[in-house]
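Quick look at upload.txt (compact mmCIF, N, CA, C and O atoms):
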# COMPACT_ATOMS: atom_id res chain seq x y z
N MET N 1 97.73 127.28 72.27
CA MET N 1 97.35 128.51 72.94
C MET N 1 98.62 129.32 73.19
O MET N 1 99.59 128.81 73.74
N PRO N 2 98.60 130.61 72.85
CA PRO N 2 99.79 131.42 73.05
C PRO N 2 100.03 131.72 74.53
O PRO N 2 99.10 131.73 75.34
N ILE N 3 101.28 131.95 74.85
CA ILE N 3 101.65 132.32 76.22
C ILE N 3 101.15 133.74 76.47
O ILE N 3 101.34 134.63 75.65
N ARG N 4 100.55 133.90 77.63
CA ARG N 4 100.01 135.21 78.00
C ARG N 4 100.61 135.63 79.34
O ARG N 4 100.55 134.86 80.31
N ILE N 5 101.16 136.80 79.40
CA ILE N 5 101.70 137.32 80.65
C ILE N 5 100.78 138.43 81.13
O ILE N 5 100.58 139.43 80.45
N VAL N 6 100.22 138.21 82.30
CA VAL N 6 99.25 139.13 82.87
C VAL N 6 99.97 140.23 83.63
O VAL N 6 100.92 139.96 84.37
N SER N 7 99.50 141.46 83.47
CA SER N 7 100.09 142.56 84.22
C SER N 7 99.76 142.43 85.70
O SER N 7 98.78 141.77 86.08
N LYS N 8 100.56 143.05 86.51
CA LYS N 8 100.35 143.00 87.96
C LYS N 8 98.99 143.60 88.33
O LYS N 8 98.28 143.06 89.17
N SER N 9 98.61 144.68 87.67
CA SER N 9 97.32 145.31 87.98
C SER N 9 96.15 144.43 87.54
O SER N 9 95.14 144.35 88.25
N ASP N 10 96.28 143.75 86.40
CA ASP N 10 95.21 142.83 85.96
C ASP N 10 95.10 141.64 86.91
O ASP N 10 93.99 141.18 87.21
N LYS N 11 96.22 141.14 87.37
CA LYS N 11 96.22 140.01 88.30
C LYS N 11 95.56 140.41 89.62
O LYS N 11 94.74 139.67 90.17
N LYS N 12 95.90 141.58 90.11
CA LYS N 12 95.31 142.07 91.36
C LYS N 12 93.79 142.21 91.21
O LYS N 12 93.04 141.77 92.08
N LEU N 13 93.35 142.80 90.10
CA LEU N 13 91.92 142.97 89.88
C LEU N 13 91.22 141.61 89.80
O LEU N 13 90.14 141.43 90.37
N SER N 14 91.85 140.67 89.14
CA SER N 14 91.30 139.33 89.03
C SER N 14 91.16 138.68 90.41
O SER N 14 90.15 138.03 90.73
N GLN N 15 92.14 138.86 91.26
CA GLN N 15 92.09 138.30 92.62
C GLN N 15 91.00 138.96 93.45
O GLN N 15 90.30 138.30 94.22
N LEU N 16 90.83 140.25 93.29
CA LEU N 16 89.77 140.95 94.02
C LEU N 16 88.40 140.51 93.54
O LEU N 16 87.47 140.34 94.35
N LYS N 17 88.26 140.28 92.25
CA LYS N 17 86.99 139.78 91.72
C LYS N 17 86.72 138.37 92.24
O LYS N 17 85.57 138.01 92.48
N ASP N 18 87.77 137.59 92.42
CA ASP N 18 87.60 136.26 92.98
C ASP N 18 87.06 136.35 94.41
O ASP N 18 86.23 135.53 94.81
N ALA N 19 87.51 137.32 95.16
CA ALA N 19 87.01 137.51 96.52
C ALA N 19 85.51 137.82 96.50
O ALA N 19 84.75 137.31 97.33
N ILE N 20 85.09 138.62 95.55
CA ILE N 20 83.66 138.92 95.42
C ILE N 20 82.90 137.64 95.03
O ILE N 20 81.80 137.39 95.53
N ARG N 21 83.50 136.83 94.17
CA ARG N 21 82.87 135.55 93.80
C ARG N 21 82.66 134.68 95.03
O ARG N 21 81.59 134.09 95.22
N ILE N 22 83.64 134.63 95.89
CA ILE N 22 83.55 133.84 97.12
C ILE N 22 82.42 134.36 98.00
O ILE N 22 81.59 133.59 98.49
N LEU N 23 82.38 135.67 98.19
CA LEU N 23 81.31 136.26 99.00
C LEU N 23 79.94 136.00 98.38
O LEU N 23 78.97 135.70 99.08
N ALA N 24 79.87 136.11 97.05
CA ALA N 24 78.60 135.89 96.36
C ALA N 24 78.15 134.43 96.50
O ALA N 24 76.97 134.15 96.71
N TRP N 25 79.10 133.48 96.40
CA TRP N 25 78.76 132.06 96.55
C TRP N 25 78.27 131.78 97.96
O TRP N 25 77.27 131.07 98.16
N GLU N 26 78.92 132.34 98.96
CA GLU N 26 78.49 132.12 100.33
C GLU N 26 77.08 132.65 100.55
O GLU N 26 76.26 132.00 101.20
N GLN N 27 76.78 133.82 99.99
CA GLN N 27 75.43 134.38 100.12
C GLN N 27 74.42 133.57 99.31
O GLN N 27 73.29 133.35 99.74
N TYR N 28 74.84 133.09 98.14
CA TYR N 28 73.97 132.27 97.29
C TYR N 28 73.53 131.02 98.03
O TYR N 28 72.36 130.63 97.96
N LYS N 29 74.45 130.40 98.76
CA LYS N 29 74.11 129.19 99.53
C LYS N 29 73.11 129.51 100.65
O LYS N 29 72.25 128.70 100.96
N ILE N 30 73.23 130.69 101.24
CA ILE N 30 72.29 131.10 102.29
C ILE N 30 70.91 131.33 101.69
O ILE N 30 69.90 130.90 102.24
N ASP N 31 70.88 132.00 100.54
CA ASP N 31 69.62 132.35 99.90
C ASP N 31 68.96 131.16 99.22
O ASP N 31 67.74 131.15 99.03
N ASN N 32 69.75 130.17 98.81
CA ASN N 32 69.26 129.01 98.08
C ASN N 32 69.68 127.75 98.83
O ASN N 32 70.71 127.15 98.52
N LYS N 33 68.90 127.36 99.78
CA LYS N 33 69.26 126.24 100.66
C LYS N 33 69.55 124.95 99.90
O LYS N 33 70.27 124.09 100.38
N LYS N 34 69.02 124.81 98.70
CA LYS N 34 69.24 123.59 97.91
C LYS N 34 70.56 123.62 97.16
O LYS N 34 70.96 122.62 96.58
N ALA N 35 71.23 124.77 97.15
CA ALA N 35 72.50 124.90 96.42
C ALA N 35 73.63 124.32 97.26
O ALA N 35 74.13 124.96 98.17
N LYS N 36 74.00 123.09 96.94
CA LYS N 36 75.07 122.42 97.68
C LYS N 36 75.97 121.67 96.73
O LYS N 36 75.53 121.19 95.69
N GLY N 37 77.23 121.55 97.10
CA GLY N 37 78.17 120.77 96.33
C GLY N 37 78.36 121.28 94.92
O GLY N 37 78.08 122.44 94.61
N LEU N 38 78.84 120.41 94.07
CA LEU N 38 79.14 120.80 92.69
C LEU N 38 77.90 121.20 91.91
O LEU N 38 77.94 122.14 91.12
N GLU N 39 76.79 120.51 92.14
CA GLU N 39 75.56 120.86 91.43
C GLU N 39 75.10 122.27 91.79
O GLU N 39 74.71 123.05 90.92
N GLY N 40 75.14 122.60 93.07
CA GLY N 40 74.77 123.94 93.50
C GLY N 40 75.71 124.99 92.96
O GLY N 40 75.29 126.06 92.54
N TYR N 41 77.00 124.65 92.96
CA TYR N 41 77.98 125.61 92.44
C TYR N 41 77.80 125.82 90.94
O TYR N 41 77.97 126.93 90.45
N GLU N 42 77.44 124.78 90.22
CA GLU N 42 77.21 124.92 88.78
C GLU N 42 76.06 125.89 88.52
O GLU N 42 76.13 126.71 87.59
N LEU N 43 75.00 125.81 89.33
CA LEU N 43 73.89 126.76 89.19
C LEU N 43 74.36 128.18 89.47
O LEU N 43 74.05 129.11 88.73
N PHE N 44 75.10 128.32 90.56
CA PHE N 44 75.65 129.64 90.90
C PHE N 44 76.55 130.15 89.78
O PHE N 44 76.46 131.30 89.36
N ASN N 45 77.42 129.29 89.29
CA ASN N 45 78.41 129.70 88.31
C ASN N 45 77.77 130.19 87.01
O ASN N 45 78.28 131.11 86.37
N GLU N 46 76.64 129.59 86.63
CA GLU N 46 75.93 130.06 85.44
C GLU N 46 75.50 131.52 85.61
O GLU N 46 75.62 132.32 84.69
N GLU N 47 74.99 131.84 86.78
CA GLU N 47 74.59 133.22 87.06
C GLU N 47 75.82 134.11 87.21
O GLU N 47 75.82 135.26 86.77
N TRP N 48 76.85 133.60 87.86
CA TRP N 48 78.07 134.38 88.09
C TRP N 48 78.71 134.79 86.77
O TRP N 48 79.18 135.91 86.62
N LYS N 49 78.73 133.91 85.80
CA LYS N 49 79.34 134.21 84.50
C LYS N 49 78.69 135.41 83.84
O LYS N 49 79.33 136.13 83.08
N ASP N 50 77.40 135.62 84.12
CA ASP N 50 76.66 136.72 83.50
C ASP N 50 76.72 138.01 84.31
O ASP N 50 76.16 139.02 83.87
N HIS N 51 77.37 137.99 85.45
CA HIS N 51 77.40 139.18 86.30
C HIS N 51 78.23 140.29 85.65
O HIS N 51 79.23 140.03 84.99
N GLU N 52 77.81 141.51 85.86
CA GLU N 52 78.47 142.68 85.28
C GLU N 52 79.92 142.86 85.74
O GLU N 52 80.69 143.55 85.08
N ILE N 53 80.29 142.25 86.82
CA ILE N 53 81.62 142.42 87.39
C ILE N 53 82.72 142.06 86.40
O ILE N 53 83.80 142.63 86.42
N HIS N 54 82.44 141.12 85.53
CA HIS N 54 83.46 140.63 84.60
C HIS N 54 83.87 141.67 83.56
O HIS N 54 84.95 141.56 82.98
N ASN N 55 83.04 142.66 83.34
CA ASN N 55 83.35 143.71 82.37
C ASN N 55 83.86 144.99 83.01
O ASN N 55 84.08 145.98 82.32
N MET N 56 84.05 144.98 84.32
CA MET N 56 84.49 146.18 85.03
C MET N 56 85.99 146.36 84.96
O MET N 56 86.74 145.40 85.11
N ASP N 57 86.41 147.61 84.75
CA ASP N 57 87.82 147.93 84.88
C ASP N 57 88.10 148.28 86.34
O ASP N 57 87.19 148.22 87.18
N GLN N 58 89.33 148.63 86.65
CA GLN N 58 89.70 148.87 88.06
C GLN N 58 88.87 149.99 88.69
O GLN N 58 88.41 149.85 89.82
N ASN N 59 88.66 151.09 87.97
CA ASN N 59 87.89 152.21 88.54
C ASN N 59 86.43 151.82 88.79
O ASN N 59 85.87 152.14 89.84
N GLU N 60 85.83 151.12 87.84
CA GLU N 60 84.45 150.67 88.03
C GLU N 60 84.35 149.69 89.19
O GLU N 60 83.42 149.75 89.99
N PHE N 61 85.33 148.81 89.28
CA PHE N 61 85.34 147.84 90.37
C PHE N 61 85.50 148.54 91.71
O PHE N 61 84.82 148.19 92.68
N ASN N 62 86.39 149.52 91.78
CA ASN N 62 86.57 150.26 93.03
C ASN N 62 85.28 150.91 93.49
O ASN N 62 84.95 150.90 94.68
N ASN N 63 84.55 151.49 92.55
CA ASN N 63 83.26 152.10 92.89
C ASN N 63 82.25 151.04 93.33
O ASN N 63 81.47 151.26 94.26
N PHE N 64 82.28 149.90 92.67
CA PHE N 64 81.39 148.79 93.00
C PHE N 64 81.61 148.32 94.44
O PHE N 64 80.66 148.19 95.22
N ILE N 65 82.87 148.07 94.82
CA ILE N 65 83.12 147.59 96.18
C ILE N 65 82.89 148.68 97.21
O ILE N 65 82.45 148.39 98.32
N LYS N 66 83.15 149.92 96.83
CA LYS N 66 82.89 151.03 97.75
C LYS N 66 81.39 151.11 98.05
O LYS N 66 81.00 151.29 99.20
N ASP N 67 80.57 150.93 97.02
CA ASP N 67 79.11 150.95 97.21
C ASP N 67 78.66 149.80 98.11
O ASP N 67 77.65 149.92 98.81
N LEU N 68 79.39 148.68 98.08
CA LEU N 68 79.07 147.54 98.94
C LEU N 68 79.63 147.69 100.35
O LEU N 68 79.32 146.91 101.24
N GLY N 69 80.51 148.68 100.54
CA GLY N 69 81.09 148.92 101.85
C GLY N 69 82.38 148.16 102.11
O GLY N 69 82.83 148.07 103.26
N TYR N 70 82.98 147.61 101.07
CA TYR N 70 84.23 146.86 101.21
C TYR N 70 85.43 147.69 100.78
O TYR N 70 85.30 148.60 99.96
N THR N 71 86.57 147.33 101.32
CA THR N 71 87.84 147.87 100.85
C THR N 71 88.60 146.74 100.18
O THR N 71 88.25 145.56 100.32
N GLU N 72 89.67 147.09 99.47
CA GLU N 72 90.51 146.05 98.89
C GLU N 72 91.07 145.14 99.97
O GLU N 72 91.14 143.92 99.81
N ALA N 73 91.44 145.73 101.11
CA ALA N 73 91.99 144.94 102.22
C ALA N 73 90.95 143.95 102.75
O ALA N 73 91.29 142.80 103.07
N ASP N 74 89.68 144.36 102.82
CA ASP N 74 88.62 143.44 103.24
C ASP N 74 88.54 142.25 102.31
O ASP N 74 88.41 141.10 102.75
N LEU N 75 88.60 142.51 101.02
CA LEU N 75 88.47 141.44 100.03
C LEU N 75 89.67 140.51 100.06
O LEU N 75 89.51 139.28 99.96
N VAL N 76 90.86 141.06 100.22
CA VAL N 76 92.06 140.22 100.32
C VAL N 76 91.94 139.32 101.54
O VAL N 76 92.25 138.12 101.48
N ALA N 77 91.46 139.86 102.65
CA ALA N 77 91.30 139.06 103.88
C ALA N 77 90.26 137.96 103.68
O ALA N 77 90.48 136.82 104.11
N GLU N 78 89.16 138.26 103.04
CA GLU N 78 88.12 137.26 102.79
C GLU N 78 88.65 136.14 101.90
O GLU N 78 88.41 134.96 102.14
N ARG N 79 89.38 136.52 100.88
CA ARG N 79 89.93 135.54 99.95
C ARG N 79 90.95 134.64 100.65
O ARG N 79 90.96 133.42 100.47
N SER N 80 91.79 135.24 101.48
CA SER N 80 92.78 134.47 102.23
C SER N 80 92.09 133.51 103.19
O SER N 80 92.49 132.35 103.31
N ARG N 81 91.06 133.97 103.87
CA ARG N 81 90.30 133.14 104.80
C ARG N 81 89.72 131.94 104.06
O ARG N 81 89.83 130.79 104.50
N TYR N 82 89.13 132.18 102.92
CA TYR N 82 88.52 131.10 102.14
C TYR N 82 89.56 130.04 101.76
O TYR N 82 89.35 128.86 101.97
N TYR N 83 90.69 130.48 101.21
CA TYR N 83 91.68 129.50 100.75
C TYR N 83 92.35 128.79 101.92
O TYR N 83 92.70 127.61 101.80
N GLN N 84 92.51 129.44 103.06
CA GLN N 84 93.03 128.76 104.23
C GLN N 84 92.06 127.67 104.69
O GLN N 84 92.46 126.55 105.00
N ASN N 85 90.77 128.01 104.73
CA ASN N 85 89.76 127.03 105.12
C ASN N 85 89.70 125.88 104.12
O ASN N 85 89.57 124.72 104.51
N ARG N 86 89.78 126.20 102.86
CA ARG N 86 89.75 125.15 101.83
C ARG N 86 90.95 124.22 101.97
O ARG N 86 90.82 123.01 101.85
N ASN N 87 92.11 124.79 102.26
CA ASN N 87 93.30 123.96 102.44
C ASN N 87 93.14 123.04 103.65
O ASN N 87 93.59 121.90 103.62
N GLN N 88 92.51 123.53 104.72
CA GLN N 88 92.27 122.68 105.88
C GLN N 88 91.32 121.55 105.53
O GLN N 88 91.55 120.40 105.91
N ILE N 89 90.28 121.84 104.80
CA ILE N 89 89.32 120.83 104.39
C ILE N 89 89.99 119.78 103.50
O ILE N 89 89.73 118.59 103.61
N ASN N 90 90.86 120.23 102.62
CA ASN N 90 91.54 119.33 101.68
C ASN N 90 92.74 118.64 102.30
O ASN N 90 93.43 117.87 101.63
N GLY N 91 93.03 118.95 103.56
CA GLY N 91 94.15 118.30 104.23
C GLY N 91 95.50 118.85 103.86
O GLY N 91 96.52 118.19 104.07
N THR N 92 95.54 120.04 103.31
CA THR N 92 96.82 120.65 102.94
C THR N 92 97.12 121.87 103.79
O THR N 92 97.97 122.68 103.44
N ALA N 93 96.46 121.98 104.94
CA ALA N 93 96.61 123.16 105.78
C ALA N 93 98.02 123.30 106.35
O ALA N 93 98.47 124.40 106.61
N SER N 94 98.72 122.19 106.52
CA SER N 94 100.06 122.29 107.07
C SER N 94 101.08 122.74 106.03
O SER N 94 102.20 123.09 106.37
N VAL N 95 100.67 122.75 104.78
CA VAL N 95 101.54 123.21 103.71
C VAL N 95 101.31 124.70 103.55
O VAL N 95 100.19 125.13 103.30
N PRO N 96 102.34 125.52 103.71
CA PRO N 96 102.14 126.96 103.57
C PRO N 96 101.61 127.30 102.18
O PRO N 96 102.06 126.76 101.17
N ALA N 97 100.63 128.18 102.14
CA ALA N 97 100.07 128.61 100.86
C ALA N 97 101.05 129.54 100.16
O ALA N 97 101.67 130.39 100.78
N THR N 98 101.20 129.32 98.90
CA THR N 98 102.02 130.20 98.08
C THR N 98 101.09 131.04 97.22
O THR N 98 99.92 130.69 97.05
N PRO N 99 101.58 132.12 96.65
CA PRO N 99 100.70 132.89 95.76
C PRO N 99 100.12 132.03 94.63
O PRO N 99 98.99 132.23 94.22
N GLN N 100 100.87 131.04 94.19
CA GLN N 100 100.36 130.17 93.13
C GLN N 100 99.21 129.30 93.62
O GLN N 100 98.35 128.91 92.84
N ASP N 101 99.18 129.00 94.91
CA ASP N 101 98.10 128.19 95.47
C ASP N 101 96.78 128.92 95.47
O ASP N 101 95.73 128.30 95.46
N ILE N 102 96.84 130.23 95.52
CA ILE N 102 95.61 131.00 95.65
C ILE N 102 95.38 131.88 94.43
O ILE N 102 94.85 132.96 94.51
N GLU N 103 95.76 131.37 93.28
CA GLU N 103 95.56 132.09 92.03
C GLU N 103 94.09 132.19 91.70
O GLU N 103 93.25 131.50 92.24
N MET N 104 93.80 132.97 90.71
CA MET N 104 92.44 133.24 90.29
C MET N 104 91.88 132.16 89.39
O MET N 104 92.53 131.22 89.04
N ASP N 105 90.67 132.40 88.98
CA ASP N 105 89.94 131.65 87.98
C ASP N 105 89.39 130.33 88.48
O ASP N 105 88.67 129.67 87.78
N ASN N 106 89.71 129.90 89.68
CA ASN N 106 89.14 128.69 90.26
C ASN N 106 89.22 127.52 89.29
O ASN N 106 88.28 126.74 89.14
N ASP N 107 90.33 127.39 88.57
CA ASP N 107 90.51 126.31 87.60
C ASP N 107 90.63 124.94 88.23
O ASP N 107 90.65 123.94 87.53
N ASP N 108 90.72 124.87 89.55
CA ASP N 108 90.90 123.57 90.19
C ASP N 108 89.58 122.81 90.36
O ASP N 108 89.56 121.71 90.86
N ASN N 109 88.49 123.41 89.94
CA ASN N 109 87.15 122.79 89.98
C ASN N 109 86.68 122.51 91.40
O ASN N 109 85.79 121.70 91.61
N TYR N 110 87.25 123.14 92.40
CA TYR N 110 86.76 123.03 93.76
C TYR N 110 85.78 124.17 93.99
O TYR N 110 86.15 125.32 93.93
N PRO N 111 84.52 123.86 94.23
CA PRO N 111 83.61 124.97 94.52
C PRO N 111 83.89 125.50 95.92
O PRO N 111 84.39 124.76 96.77
N PRO N 112 83.63 126.75 96.14
CA PRO N 112 83.74 127.24 97.51
C PRO N 112 82.75 126.46 98.36
O PRO N 112 81.69 126.07 97.91
N TYR N 113 83.11 126.17 99.59
CA TYR N 113 82.26 125.39 100.47
C TYR N 113 81.13 126.21 100.99
O TYR N 113 81.05 127.36 100.93
Represent the structure contained in this file as structure tokens.
Amino acid sequence: MPIRIVSKSDKKLSQLKDAIRILAWEQYKIDNKKAKGLEGYELFNEEWKDHEIHNMDQNEFNNFIKDLGYTEADLVAERSRYYQNRNQINGTASVPATPQDIEMDNDDNYPPY
């Protein structure tokens, strides 16, 4: 696989989309009481992969979050809250989070709680 260097703007957009994913997963669990753990997250993730958000550029995304009533700052705060809580659950809360700890794509296979 070739080395890929992501632009700062693409990385920011990816992180903001991750915040929406977190909010969507939290709402999904409320709406679907049976959605729990990895099995529940797998069901959510199948739907999430098909969401239109993945094809949005920055301007489309800005309009999307504006329509939802969120700002970029709101999403950054939600994302930070989630990863802080996850670190506490995983027992790594005493270790300061670095930007690398809260990267996008959820490649660590930890579903949001």
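Comparing N:Gly37, N:Glu42, N:Glu26, N:Ala19 by their smallest distance to N:Asp74, the closest is N:Ala19 (using all atoms listed in the file).
For the atom pair formed by atom C of N:Ile20 and atom O of N:Leu75, the distance is 8.4 Å, given to one decimal.
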Requested in this report: Run DSSP on the backbone and grab whatever in chain N lands in alpha helix (DSSP H); send it over as a PyMOL selection string.
Outcome: chain N and resi 8-31+37-49+58-68+72-89
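Between atom CA of N:Lys49 and atom CA of N:Asn90 the separation is 25.8 Å.
Using all atoms listed in the file, the contacts of stretch 27-29 of chain N at a cut-off of 8 Å, with sequence neighbours closer than 6 positions omitted, comprise Ile20, Arg21, Ala35, Lys36, Gly40, Phe44 and Tyr113 of chain N.
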Query raised in the report: In file coordinates, which residues lie within 12 Å of (84.4, 141.4, 85.4) using only C-alpha atoms, given as a PyMOL selection string?
Result: chain N and resi 10+13-18+20-21+48-62+64+105
Restore all heavy atoms in stretch 42-52 of chain N and list the result as a PDB file, keeping the file's coordinate frame.
ATOM      1  N   GLU N  42      77.440 124.780  90.220  1.00  0.00           N
ATOM      2  CA  GLU N  42      77.210 124.920  88.780  1.00  0.00           C
ATOM      3  C   GLU N  42      76.060 125.890  88.520  1.00  0.00           C
ATOM      4  O   GLU N  42      76.130 126.710  87.590  1.00  0.00           O
ATOM      5  CB  GLU N  42      76.943 123.565  88.140  1.00  0.00           C
ATOM      6  CG  GLU N  42      78.190 122.709  88.031  1.00  0.00           C
ATOM      7  CD  GLU N  42      77.922 121.297  87.543  1.00  0.00           C
ATOM      8  OE1 GLU N  42      76.774 121.003  87.138  1.00  0.00           O
ATOM      9  OE2 GLU N  42      78.854 120.486  87.593  1.00  0.00           O
ATOM     10  N   LEU N  43      75.000 125.810  89.330  1.00  0.00           N
ATOM     11  CA  LEU N  43      73.890 126.760  89.190  1.00  0.00           C
ATOM     12  C   LEU N  43      74.360 128.180  89.470  1.00  0.00           C
ATOM     13  O   LEU N  43      74.050 129.110  88.730  1.00  0.00           O
ATOM     14  CB  LEU N  43      72.750 126.386  90.138  1.00  0.00           C
ATOM     15  CG  LEU N  43      72.036 125.075  89.870  1.00  0.00           C
ATOM     16  CD1 LEU N  43      71.075 124.747  91.017  1.00  0.00           C
ATOM     17  CD2 LEU N  43      71.299 125.131  88.544  1.00  0.00           C
ATOM     18  N   PHE N  44      75.100 128.320  90.560  1.00  0.00           N
ATOM     19  CA  PHE N  44      75.650 129.640  90.900  1.00  0.00           C
ATOM     20  C   PHE N  44      76.550 130.150  89.780  1.00  0.00           C
ATOM     21  O   PHE N  44      76.460 131.300  89.360  1.00  0.00           O
ATOM     22  CB  PHE N  44      76.432 129.540  92.210  1.00  0.00           C
ATOM     23  CG  PHE N  44      77.339 130.717  92.441  1.00  0.00           C
ATOM     24  CD1 PHE N  44      76.836 131.924  92.895  1.00  0.00           C
ATOM     25  CD2 PHE N  44      78.697 130.621  92.175  1.00  0.00           C
ATOM     26  CE1 PHE N  44      77.676 133.018  93.094  1.00  0.00           C
ATOM     27  CE2 PHE N  44      79.545 131.706  92.372  1.00  0.00           C
ATOM     28  CZ  PHE N  44      79.027 132.901  92.836  1.00  0.00           C
ATOM     29  N   ASN N  45      77.420 129.290  89.290  1.00  0.00           N
ATOM     30  CA  ASN N  45      78.410 129.700  88.310  1.00  0.00           C
ATOM     31  C   ASN N  45      77.770 130.190  87.010  1.00  0.00           C
ATOM     32  O   ASN N  45      78.280 131.110  86.370  1.00  0.00           O
ATOM     33  CB  ASN N  45      79.388 128.555  88.026  1.00  0.00           C
ATOM     34  CG  ASN N  45      80.651 129.033  87.367  1.00  0.00           C
ATOM     35  OD1 ASN N  45      81.165 130.102  87.689  1.00  0.00           O
ATOM     36  ND2 ASN N  45      81.156 128.250  86.443  1.00  0.00           N
ATOM     37  N   GLU N  46      76.640 129.590  86.630  1.00  0.00           N
ATOM     38  CA  GLU N  46      75.930 130.060  85.440  1.00  0.00           C
ATOM     39  C   GLU N  46      75.500 131.520  85.610  1.00  0.00           C
ATOM     40  O   GLU N  46      75.620 132.320  84.690  1.00  0.00           O
ATOM     41  CB  GLU N  46      74.717 129.171  85.145  1.00  0.00           C
ATOM     42  CG  GLU N  46      75.090 127.830  84.581  1.00  0.00           C
ATOM     43  CD  GLU N  46      75.881 127.926  83.278  1.00  0.00           C
ATOM     44  OE1 GLU N  46      75.491 128.705  82.386  1.00  0.00           O
ATOM     45  OE2 GLU N  46      76.898 127.217  83.176  1.00  0.00           O
ATOM     46  N   GLU N  47      74.990 131.840  86.780  1.00  0.00           N
ATOM     47  CA  GLU N  47      74.590 133.220  87.060  1.00  0.00           C
ATOM     48  C   GLU N  47      75.820 134.110  87.210  1.00  0.00           C
ATOM     49  O   GLU N  47      75.820 135.260  86.770  1.00  0.00           O
ATOM     50  CB  GLU N  47      73.727 133.280  88.322  1.00  0.00           C
ATOM     51  CG  GLU N  47      72.381 132.606  88.146  1.00  0.00           C
ATOM     52  CD  GLU N  47      71.512 132.732  89.375  1.00  0.00           C
ATOM     53  OE1 GLU N  47      71.417 133.846  89.932  1.00  0.00           O
ATOM     54  OE2 GLU N  47      70.932 131.708  89.781  1.00  0.00           O
ATOM     55  N   TRP N  48      76.850 133.600  87.860  1.00  0.00           N
ATOM     56  CA  TRP N  48      78.070 134.380  88.090  1.00  0.00           C
ATOM     57  C   TRP N  48      78.710 134.790  86.770  1.00  0.00           C
ATOM     58  O   TRP N  48      79.180 135.910  86.620  1.00  0.00           O
ATOM     59  CB  TRP N  48      79.048 133.582  88.946  1.00  0.00           C
ATOM     60  CG  TRP N  48      80.353 134.281  89.143  1.00  0.00           C
ATOM     61  CD1 TRP N  48      81.559 133.916  88.628  1.00  0.00           C
ATOM     62  CD2 TRP N  48      80.593 135.480  89.884  1.00  0.00           C
ATOM     63  NE1 TRP N  48      82.539 134.807  89.003  1.00  0.00           N
ATOM     64  CE2 TRP N  48      81.964 135.785  89.785  1.00  0.00           C
ATOM     65  CE3 TRP N  48      79.781 136.336  90.628  1.00  0.00           C
ATOM     66  CZ2 TRP N  48      82.540 136.890  90.388  1.00  0.00           C
ATOM     67  CZ3 TRP N  48      80.359 137.442  91.234  1.00  0.00           C
ATOM     68  CH2 TRP N  48      81.710 137.704  91.113  1.00  0.00           C
ATOM     69  N   LYS N  49      78.730 133.910  85.800  1.00  0.00           N
ATOM     70  CA  LYS N  49      79.340 134.210  84.500  1.00  0.00           C
ATOM     71  C   LYS N  49      78.690 135.410  83.840  1.00  0.00           C
ATOM     72  O   LYS N  49      79.330 136.130  83.080  1.00  0.00           O
ATOM     73  CB  LYS N  49      79.235 133.002  83.563  1.00  0.00           C
ATOM     74  CG  LYS N  49      80.143 131.865  83.913  1.00  0.00           C
ATOM     75  CD  LYS N  49      79.921 130.722  82.938  1.00  0.00           C
ATOM     76  CE  LYS N  49      80.652 129.483  83.323  1.00  0.00           C
ATOM     77  NZ  LYS N  49      80.361 128.358  82.409  1.00  0.00           N
ATOM     78  N   ASP N  50      77.400 135.620  84.120  1.00  0.00           N
ATOM     79  CA  ASP N  50      76.660 136.720  83.500  1.00  0.00           C
ATOM     80  C   ASP N  50      76.720 138.010  84.310  1.00  0.00           C
ATOM     81  O   ASP N  50      76.160 139.020  83.870  1.00  0.00           O
ATOM     82  CB  ASP N  50      75.187 136.322  83.309  1.00  0.00           C
ATOM     83  CG  ASP N  50      75.016 135.217  82.293  1.00  0.00           C
ATOM     84  OD1 ASP N  50      75.872 135.095  81.392  1.00  0.00           O
ATOM     85  OD2 ASP N  50      74.023 134.471  82.401  1.00  0.00           O
ATOM     86  N   HIS N  51      77.370 137.990  85.450  1.00  0.00           N
ATOM     87  CA  HIS N  51      77.400 139.180  86.300  1.00  0.00           C
ATOM     88  C   HIS N  51      78.230 140.290  85.650  1.00  0.00           C
ATOM     89  O   HIS N  51      79.230 140.030  84.990  1.00  0.00           O
ATOM     90  CB  HIS N  51      77.969 138.844  87.681  1.00  0.00           C
ATOM     91  CG  HIS N  51      77.691 139.900  88.690  1.00  0.00           C
ATOM     92  ND1 HIS N  51      78.464 141.023  88.823  1.00  0.00           N
ATOM     93  CD2 HIS N  51      76.694 140.009  89.610  1.00  0.00           C
ATOM     94  CE1 HIS N  51      77.972 141.780  89.779  1.00  0.00           C
ATOM     95  NE2 HIS N  51      76.897 141.181  90.276  1.00  0.00           N
ATOM     96  N   GLU N  52      77.810 141.510  85.860  1.00  0.00           N
ATOM     97  CA  GLU N  52      78.470 142.680  85.280  1.00  0.00           C
ATOM     98  C   GLU N  52      79.920 142.860  85.740  1.00  0.00           C
ATOM     99  O   GLU N  52      80.690 143.550  85.080  1.00  0.00           O
ATOM    100  CB  GLU N  52      77.670 143.932  85.631  1.00  0.00           C
ATOM    101  CG  GLU N  52      77.647 144.215  87.138  1.00  0.00           C
ATOM    102  CD  GLU N  52      76.748 145.355  87.529  1.00  0.00           C
ATOM    103  OE1 GLU N  52      76.517 146.271  86.712  1.00  0.00           O
ATOM    104  OE2 GLU N  52      76.271 145.337  88.676  1.00  0.00           O
TER     105      GLU N  52
END
